[in-house]
file final.txt (compact mmCIF, C-alpha atoms and all ligand atoms)
# COMPACT_ATOMS: atom_id res chain seq x y z
CA MET A 1 0.00 0.00 0.00
CA GLU A 2 1.53 3.28 -1.12
CA LYS A 3 0.94 6.43 0.94
CA ARG A 4 0.08 9.44 -1.27
CA GLU A 5 -0.66 13.12 -0.52
CA GLU A 6 -2.50 14.37 2.54
CA LEU A 7 -6.27 14.61 2.11
CA TYR A 8 -7.07 16.33 5.40
CA ALA A 9 -5.47 17.12 8.77
CA GLY A 10 -7.84 16.98 11.72
CA LYS A 11 -7.08 17.96 15.30
CA ALA A 12 -5.60 14.57 16.28
CA LYS A 13 -5.34 12.61 13.02
CA SER A 14 -4.08 13.21 9.50
CA VAL A 15 -5.67 11.42 6.57
CA TYR A 16 -3.76 10.37 3.43
CA TYR A 17 -4.75 9.09 0.02
CA THR A 18 -3.29 5.76 -1.06
CA ASP A 19 -2.74 4.12 -4.46
CA ASP A 20 -6.16 2.47 -3.93
CA ALA A 21 -8.97 5.00 -4.55
CA ASP A 22 -11.17 3.15 -2.02
CA LYS A 23 -8.67 3.23 0.87
CA LEU A 24 -7.18 5.91 3.11
CA ILE A 25 -4.42 5.92 5.70
CA LEU A 26 -5.18 7.42 9.11
CA HIS A 27 -2.16 8.76 10.98
CA TYR A 28 -2.84 9.18 14.70
CA ARG A 29 -0.71 12.09 15.95
CA ASN A 30 0.27 12.94 19.52
CA ASP A 31 -1.72 16.19 19.33
CA THR A 32 -4.43 16.37 21.94
CA SER A 33 -7.08 19.04 21.69
CA ALA A 34 -10.05 20.20 23.71
CA PHE A 35 -12.65 22.96 23.59
CA ASP A 36 -12.88 22.82 19.77
CA GLY A 37 -9.13 23.25 19.35
CA ALA A 38 -8.69 26.09 21.88
CA LYS A 39 -6.41 23.87 24.04
CA ILE A 40 -3.80 21.79 22.20
CA GLU A 41 -0.83 19.82 23.59
CA GLN A 42 1.49 17.08 22.41
CA LEU A 43 1.26 13.97 24.55
CA ASP A 44 4.05 11.48 23.96
CA ARG A 45 2.88 8.01 22.77
CA LYS A 46 -0.79 9.01 22.52
CA GLY A 47 -0.85 8.56 18.73
CA GLU A 48 0.39 5.00 18.98
CA ILE A 49 -1.89 4.08 21.87
CA ASN A 50 -4.98 5.49 20.14
CA ASN A 51 -4.15 3.83 16.83
CA LYS A 52 -3.83 0.41 18.45
CA PHE A 53 -6.77 1.06 20.79
CA SER A 54 -9.14 1.97 17.96
CA ALA A 55 -8.00 -0.98 15.82
CA PHE A 56 -8.70 -3.35 18.75
CA ILE A 57 -12.19 -1.91 19.34
CA MET A 58 -13.09 -1.83 15.64
CA GLU A 59 -12.15 -5.51 15.33
CA LYS A 60 -14.36 -6.39 18.32
CA LEU A 61 -17.25 -4.40 16.81
CA GLU A 62 -16.78 -5.97 13.38
CA ALA A 63 -16.86 -9.44 14.98
CA ALA A 64 -20.14 -8.47 16.69
CA GLY A 65 -21.70 -7.47 13.36
CA VAL A 66 -21.05 -3.71 13.24
CA PRO A 67 -19.60 -2.80 9.82
CA THR A 68 -16.52 -0.59 10.35
CA HIS A 69 -14.08 1.18 8.05
CA HIS A 70 -11.11 -0.55 9.69
CA GLU A 71 -8.94 -2.64 7.37
CA GLY A 72 -5.79 -3.17 9.44
CA LEU A 73 -2.82 -1.68 11.27
CA LEU A 74 -0.01 -0.44 9.01
CA SER A 75 2.45 0.86 11.60
CA ALA A 76 2.53 2.02 15.23
CA GLU A 77 0.64 5.21 14.40
CA GLU A 78 -1.10 4.34 11.12
CA SER A 79 -4.13 2.31 10.04
CA LEU A 80 -5.66 1.50 6.68
CA VAL A 81 -9.38 2.26 6.36
CA LYS A 82 -12.12 2.27 3.75
CA LYS A 83 -12.68 5.71 2.20
CA LEU A 84 -16.14 6.55 3.52
CA ASP A 85 -18.28 9.46 2.43
CA MET A 86 -18.78 10.85 5.95
CA PHE A 87 -22.00 12.32 7.34
CA PRO A 88 -21.25 15.68 9.07
CA ILE A 89 -22.87 14.31 12.20
CA GLU A 90 -21.77 13.03 15.62
CA CYS A 91 -23.85 10.34 17.34
CA VAL A 92 -23.60 10.33 21.14
CA VAL A 93 -24.96 7.72 23.54
CA ARG A 94 -24.91 8.39 27.28
CA ASN A 95 -25.21 5.72 29.97
CA ILE A 96 -24.42 8.19 32.76
CA ALA A 97 -25.19 11.92 32.75
CA THR A 98 -22.06 14.07 32.75
CA GLY A 99 -20.40 16.66 30.51
CA SER A 100 -22.48 18.87 28.24
CA ILE A 101 -25.86 17.30 29.08
CA THR A 102 -25.62 18.30 32.74
CA LYS A 103 -25.06 21.95 31.77
CA ARG A 104 -27.66 21.90 28.99
CA LEU A 105 -30.44 20.26 31.00
CA GLY A 106 -29.41 21.08 34.55
CA VAL A 107 -29.43 17.41 35.55
CA GLU A 108 -27.30 15.90 38.33
CA ASP A 109 -23.80 14.79 37.36
CA GLY A 110 -23.17 11.06 37.64
CA ILE A 111 -26.73 9.69 37.55
CA SER A 112 -27.32 6.48 35.56
CA LEU A 113 -29.56 6.78 32.51
CA ASN A 114 -31.99 3.91 32.03
CA PRO A 115 -32.63 3.71 29.16
CA PRO A 116 -29.42 5.30 27.83
CA THR A 117 -30.03 8.51 25.88
CA PHE A 118 -29.02 9.41 22.33
CA GLU A 119 -28.12 12.77 20.80
CA PHE A 120 -27.09 14.02 17.36
CA PHE A 121 -24.58 16.89 17.01
CA LEU A 122 -23.49 18.78 13.90
CA LYS A 123 -19.76 18.43 13.27
CA ASN A 124 -18.79 22.09 13.15
CA ASP A 125 -16.02 23.48 15.38
CA GLU A 126 -16.83 27.12 14.60
CA LEU A 127 -20.36 26.56 15.89
CA HIS A 128 -19.04 24.34 18.75
CA ASP A 129 -20.80 21.22 17.44
CA PRO A 130 -24.43 22.28 18.15
CA MET A 131 -27.00 19.64 19.09
CA ILE A 132 -29.38 18.90 16.20
CA ASN A 133 -32.42 16.68 15.72
CA GLU A 134 -33.59 14.35 12.96
CA TYR A 135 -35.70 17.09 11.35
CA HIS A 136 -32.57 19.27 10.94
CA ILE A 137 -30.71 16.32 9.43
CA ARG A 138 -33.50 15.65 6.92
CA SER A 139 -34.25 19.31 6.07
CA PHE A 140 -30.62 20.22 5.44
CA GLY A 141 -29.93 16.94 3.64
CA TRP A 142 -27.11 15.82 5.96
CA ALA A 143 -28.45 12.25 5.85
CA ASP A 144 -31.62 10.47 4.71
CA ASP A 145 -34.15 8.53 6.81
CA GLU A 146 -32.51 5.19 6.19
CA ALA A 147 -29.08 6.47 7.23
CA ILE A 148 -30.54 8.15 10.34
CA GLU A 149 -32.16 4.88 11.43
CA LYS A 150 -28.99 2.90 10.69
CA MET A 151 -26.77 5.31 12.64
CA LYS A 152 -29.06 5.04 15.68
CA GLU A 153 -29.29 1.25 15.41
CA LEU A 154 -25.52 0.81 15.08
CA THR A 155 -24.70 3.32 17.82
CA PHE A 156 -26.91 1.39 20.28
CA LYS A 157 -25.45 -1.92 19.09
CA VAL A 158 -21.98 -0.52 19.85
CA ASN A 159 -23.30 0.29 23.34
CA ASP A 160 -24.37 -3.33 23.91
CA VAL A 161 -20.98 -4.67 22.81
CA LEU A 162 -18.76 -2.11 24.54
CA THR A 163 -20.58 -1.65 27.86
CA LYS A 164 -20.01 -5.42 28.35
CA LEU A 165 -16.39 -5.33 27.14
CA PHE A 166 -15.51 -2.51 29.56
CA ASP A 167 -17.67 -3.82 32.41
CA ASP A 168 -15.74 -7.11 32.28
CA VAL A 169 -12.58 -5.20 33.27
CA GLY A 170 -14.15 -2.94 35.89
CA LEU A 171 -14.81 0.10 33.71
CA LEU A 172 -17.99 2.09 33.19
CA LEU A 173 -18.62 3.25 29.63
CA VAL A 174 -20.15 6.61 30.57
CA ASP A 175 -20.71 8.03 27.08
CA TYR A 176 -19.14 8.12 23.62
CA LYS A 177 -19.25 9.79 20.22
CA LEU A 178 -19.39 7.93 16.91
CA GLU A 179 -19.20 9.08 13.30
CA PHE A 180 -20.55 7.20 10.30
CA GLY A 181 -20.14 7.29 6.54
CA ARG A 182 -21.27 5.55 3.38
CA PHE A 183 -19.17 3.20 1.25
CA GLN A 184 -20.56 1.48 -1.84
CA GLY A 185 -24.12 2.09 -0.63
CA GLN A 186 -23.66 0.69 2.91
CA ILE A 187 -23.34 2.58 6.22
CA TYR A 188 -20.09 1.97 8.10
CA LEU A 189 -18.71 3.14 11.42
CA GLY A 190 -15.81 5.51 10.66
CA ASP A 191 -13.41 7.81 12.53
CA GLU A 192 -12.10 6.22 15.75
CA PHE A 193 -13.07 4.74 19.07
CA THR A 194 -10.52 5.83 21.68
CA PRO A 195 -10.50 7.50 25.12
CA ASP A 196 -10.33 10.80 23.20
CA GLY A 197 -13.98 10.40 22.21
CA CYS A 198 -15.56 8.51 25.09
CA ARG A 199 -15.71 8.64 28.86
CA LEU A 200 -14.55 5.70 30.95
CA TRP A 201 -14.65 5.60 34.75
CA ASP A 202 -13.23 2.98 37.09
CA VAL A 203 -16.30 1.21 38.49
CA GLU A 204 -14.99 1.19 42.10
CA THR A 205 -13.31 4.60 42.42
CA ARG A 206 -15.06 6.44 39.54
CA LYS A 207 -11.58 7.70 38.56
CA LYS A 208 -11.72 9.28 35.08
CA LEU A 209 -9.62 7.35 32.55
CA ASP A 210 -10.35 9.36 29.40
CA LYS A 211 -9.86 12.77 27.78
CA ASP A 212 -11.61 14.54 30.66
CA ARG A 213 -8.21 14.21 32.40
CA PHE A 214 -6.83 16.51 29.67
CA ARG A 215 -9.89 18.78 29.48
CA GLN A 216 -9.88 19.26 33.26
CA GLY A 217 -6.06 19.43 33.68
CA LEU A 218 -6.00 16.36 35.94
CA GLY A 219 -2.69 15.01 34.51
CA GLY A 220 -1.79 11.37 33.83
CA VAL A 221 -3.65 11.40 30.51
CA VAL A 222 -1.51 8.92 28.55
CA GLU A 223 -1.09 6.75 31.66
CA ALA A 224 -4.88 6.52 31.94
CA TYR A 225 -5.28 5.56 28.26
CA GLU A 226 -2.55 2.94 28.72
CA GLU A 227 -4.28 1.53 31.79
CA VAL A 228 -7.55 1.12 29.90
CA ALA A 229 -5.72 -0.44 26.94
CA HIS A 230 -3.97 -2.94 29.22
CA ARG A 231 -7.18 -3.84 31.05
CA ILE A 232 -9.08 -4.70 27.86
CA GLY A 233 -6.11 -6.50 26.31
CA VAL A 234 -4.81 -4.15 23.60
CA ASP A 235 -1.31 -5.20 22.48
CA LEU A 236 0.80 -2.04 22.84
CA THR A 237 4.15 -3.64 21.99
P1 LIG B 301 -20.21 16.00 25.70
O1 LIG B 301 -21.38 16.30 24.82
O2 LIG B 301 -20.60 15.66 27.10
O3 LIG B 301 -19.13 17.05 25.61
O4 LIG B 301 -19.52 14.69 25.06
C1 LIG B 301 -20.19 13.44 25.06
C2 LIG B 301 -19.21 12.36 24.63
O5 LIG B 301 -18.89 12.52 23.26
C3 LIG B 301 -17.88 12.39 25.38
O6 LIG B 301 -17.43 11.08 25.54
C4 LIG B 301 -16.95 13.16 24.45
O7 LIG B 301 -15.61 12.72 24.59
C5 LIG B 301 -17.51 12.79 23.09
N1 LIG B 301 -17.44 13.91 22.14
C6 LIG B 301 -18.40 14.79 21.83
N2 LIG B 301 -17.98 15.66 20.90
C7 LIG B 301 -16.73 15.32 20.61
C8 LIG B 301 -15.74 15.85 19.70
O8 LIG B 301 -15.97 16.80 18.95
N3 LIG B 301 -14.52 15.23 19.70
C9 LIG B 301 -14.24 14.17 20.51
N4 LIG B 301 -13.01 13.62 20.47
N5 LIG B 301 -15.15 13.64 21.35
C10 LIG B 301 -16.37 14.21 21.41
call {"tool": "encode", "arguments": {"input": "final.txt", "output": "structure tokens"}}
result
Amino acid sequence: MEKREELYAGKAKSVYYTDDADKLILHYRNDTSAFDGAKIEQLDRKGEINNKFSAFIMEKLEAAGVPTHHEGLLSAEESLVKKLDMFPIECVVRNIATGSITKRLGVEDGISLNPPTFEFFLKNDELHDPMINEYHIRSFGWADDEAIEKMKELTFKVNDVLTKLFDDVGLLLVDYKLEFGRFQGQIYLGDEFTPDGCRLWDVETRKKLDKDRFRQGLGGVVEAYEEVAHRIGVDLT
């Protein structure tokens, strides 16, 4: 697989064309950002940990019947993926109320949500990723009915698979953000699944083991990601 020119540089990953028009290379960098890019730092080894972490999770999801863009690891910090046509939408499921929902709705931090709740956000840093609903998605043509239903179905299926996977190693999957795209007419899970885009708390101590450590200046960010990776069995060698 030949790496060609850069297609796009996001806040934590760079995306490259390859000699196959249907495949892209994702390069996970050490850059760590929060508050829509207002806070950015380099965290040693984060790119490698996130690359291997996301590959591990995508393989588990694929095995459970969730179609993902993941094709395989190429190097410590790079993966090969299908070139999806991405929806400009973020799908969030919350099992515990924390973060933006507590400010938006004035609900208590840390309460369990039964059933879990689901939210759509528009991917737009300048607008700080505003929350949107299905009518917005349809009216502005960001996705059609079928894609909306599929994104919801797959996001909840991911919840079934991953709440169990993390629970088995003493971790609470508090919430997470997924992004989807279309490839040859089918909807696939794209982007990444790493502690950059989800919240994970130790079930006993409720210690935060995700990007909230960075957002809140708690320190030990990479150590926390490594701990989660070790607990679930990601090979970081
Ligand atoms: P909240 O809406 O509480 O800020 O975030 C809910 C969940 O989605 C958290 O796990 C958070 O990490 C993730 N999330 C929401 N928006 C983004 C985003 O733009 N980038 C990343 N990396 N994660 C996000």
call {"tool": "closest_residue", "arguments": {"input": "final.txt", "among": "A:Gly65, A:Ser112, A:Pro88, A:Lys164", "to": "Phe140 (chain A)", "atoms": "all atoms listed in the file"}}
result
A:Pro88
call {"tool": "atom_distance", "arguments": {"input": "final.txt", "atom1": "CA of Asp145 (chain A)", "atom2": "atom C1 of ligand LIG 301 (chain B)"}}
result
23.5 Å
call {"tool": "closest_residue", "arguments": {"input": "final.txt", "among": "A:Gln184, A:Thr194, A:Thr163, A:Thr18", "to": "ligand LIG 301 (chain B)", "atoms": "only C-alpha atoms and all ligand atoms"}}
result
A:Thr194
call {"tool": "residues_around", "arguments": {"input": "final.txt", "residues": "Thr117 (chain A)", "least_positions_apart": "3", "cutoff": "8 Å", "atoms": "all atoms listed in the file", "output": "count of residues only"}}
result
5
call {"tool": "residues_near_ligand", "arguments": {"input": "final.txt", "ligand": "ligand LIG 301 (chain B)", "cutoff": "10 Å", "atoms": "all atoms listed in the file", "output": "ChimeraX atom specification"}}
result
/A:11-12,32-37,89-94,97-104,119-125,128-131,173-179,191-200,210-212,215
call {"tool": "closest_residue", "arguments": {"input": "final.txt", "among": "A:Lys60, A:His69, A:Lys152, A:His230", "to": "Leu189 (chain A)", "atoms": "all atoms listed in the file"}}
result
A:His69
call {"tool": "decode", "arguments": {"input": "final.txt", "residues": "region 49-61 of chain A", "atoms": "all heavy atoms", "output": "compact mmCIF listing (two decimals), in the first residue's frame"}}
result
# COMPACT_ATOMS: atom_id res chain seq x y z
N ILE A 49 -0.89 4.74 21.01
CA ILE A 49 -1.89 4.08 21.87
C ILE A 49 -3.27 4.17 21.23
O ILE A 49 -4.00 3.17 21.14
CB ILE A 49 -1.90 4.71 23.29
CG1 ILE A 49 -0.58 4.43 24.01
CG2 ILE A 49 -3.08 4.18 24.11
CD1 ILE A 49 -0.36 5.27 25.25
N ASN A 50 -3.64 5.34 20.73
CA ASN A 50 -4.98 5.49 20.14
C ASN A 50 -5.13 4.68 18.87
O ASN A 50 -6.21 4.13 18.60
CB ASN A 50 -5.29 6.96 19.89
CG ASN A 50 -5.86 7.65 21.13
OD1 ASN A 50 -5.95 7.04 22.19
ND2 ASN A 50 -6.22 8.90 21.00
N ASN A 51 -4.09 4.62 18.06
CA ASN A 51 -4.15 3.83 16.83
C ASN A 51 -4.44 2.36 17.16
O ASN A 51 -5.35 1.74 16.61
CB ASN A 51 -2.82 3.96 16.08
CG ASN A 51 -2.83 3.24 14.75
OD1 ASN A 51 -3.83 3.19 14.05
ND2 ASN A 51 -1.69 2.65 14.41
N LYS A 52 -3.66 1.83 18.10
CA LYS A 52 -3.83 0.41 18.45
C LYS A 52 -5.13 0.17 19.22
O LYS A 52 -5.77 -0.87 19.07
CB LYS A 52 -2.60 -0.05 19.26
CG LYS A 52 -1.34 -0.07 18.40
CD LYS A 52 -0.09 -0.37 19.19
CE LYS A 52 1.12 -0.45 18.25
NZ LYS A 52 2.39 -0.62 18.98
N PHE A 53 -5.52 1.15 20.02
CA PHE A 53 -6.77 1.06 20.79
C PHE A 53 -7.96 0.98 19.83
O PHE A 53 -8.83 0.09 19.94
CB PHE A 53 -6.89 2.29 21.69
CG PHE A 53 -7.91 2.19 22.78
CD1 PHE A 53 -7.53 2.04 24.10
CD2 PHE A 53 -9.27 2.28 22.50
CE1 PHE A 53 -8.47 1.95 25.12
CE2 PHE A 53 -10.21 2.20 23.51
CZ PHE A 53 -9.81 2.04 24.82
N SER A 54 -8.00 1.92 18.87
CA SER A 54 -9.14 1.97 17.96
C SER A 54 -9.20 0.72 17.09
O SER A 54 -10.29 0.17 16.85
CB SER A 54 -9.05 3.23 17.08
OG SER A 54 -10.27 3.43 16.41
N ALA A 55 -8.03 0.24 16.64
CA ALA A 55 -8.00 -0.98 15.82
C ALA A 55 -8.60 -2.15 16.61
O ALA A 55 -9.41 -2.93 16.08
CB ALA A 55 -6.55 -1.30 15.41
N PHE A 56 -8.21 -2.27 17.88
CA PHE A 56 -8.70 -3.35 18.75
C PHE A 56 -10.23 -3.28 18.88
O PHE A 56 -10.94 -4.29 18.71
CB PHE A 56 -8.04 -3.21 20.13
CG PHE A 56 -8.47 -4.23 21.14
CD1 PHE A 56 -7.76 -5.42 21.30
CD2 PHE A 56 -9.56 -3.99 21.97
CE1 PHE A 56 -8.16 -6.36 22.25
CE2 PHE A 56 -9.96 -4.92 22.92
CZ PHE A 56 -9.26 -6.11 23.05
N ILE A 57 -10.74 -2.08 19.15
CA ILE A 57 -12.19 -1.91 19.34
C ILE A 57 -12.94 -2.17 18.03
O ILE A 57 -13.97 -2.86 18.01
CB ILE A 57 -12.52 -0.49 19.87
CG1 ILE A 57 -11.93 -0.28 21.26
CG2 ILE A 57 -14.02 -0.22 19.84
CD1 ILE A 57 -12.60 -1.02 22.39
N MET A 58 -12.42 -1.64 16.94
CA MET A 58 -13.09 -1.83 15.64
C MET A 58 -13.18 -3.32 15.29
O MET A 58 -14.18 -3.79 14.75
CB MET A 58 -12.35 -1.07 14.52
CG MET A 58 -12.40 0.44 14.66
SD MET A 58 -13.93 1.15 14.00
CE MET A 58 -13.72 2.89 14.40
N GLU A 59 -12.12 -4.06 15.61
CA GLU A 59 -12.15 -5.51 15.33
C GLU A 59 -13.20 -6.21 16.18
O GLU A 59 -13.90 -7.11 15.71
CB GLU A 59 -10.75 -6.11 15.53
CG GLU A 59 -9.84 -5.79 14.34
CD GLU A 59 -8.35 -6.01 14.60
OE1 GLU A 59 -8.01 -6.76 15.54
OE2 GLU A 59 -7.54 -5.42 13.86
N LYS A 60 -13.32 -5.81 17.45
CA LYS A 60 -14.36 -6.39 18.32
C LYS A 60 -15.75 -6.06 17.77
O LYS A 60 -16.65 -6.91 17.78
CB LYS A 60 -14.25 -5.83 19.75
CG LYS A 60 -12.99 -6.24 20.48
CD LYS A 60 -13.08 -7.66 20.98
CE LYS A 60 -11.83 -8.06 21.76
NZ LYS A 60 -11.64 -9.49 21.88
N LEU A 61 -15.94 -4.82 17.32
CA LEU A 61 -17.25 -4.40 16.81
C LEU A 61 -17.59 -5.14 15.52
O LEU A 61 -18.71 -5.61 15.34
CB LEU A 61 -17.28 -2.89 16.59
CG LEU A 61 -17.19 -2.04 17.86
CD1 LEU A 61 -17.09 -0.56 17.51
CD2 LEU A 61 -18.39 -2.29 18.78
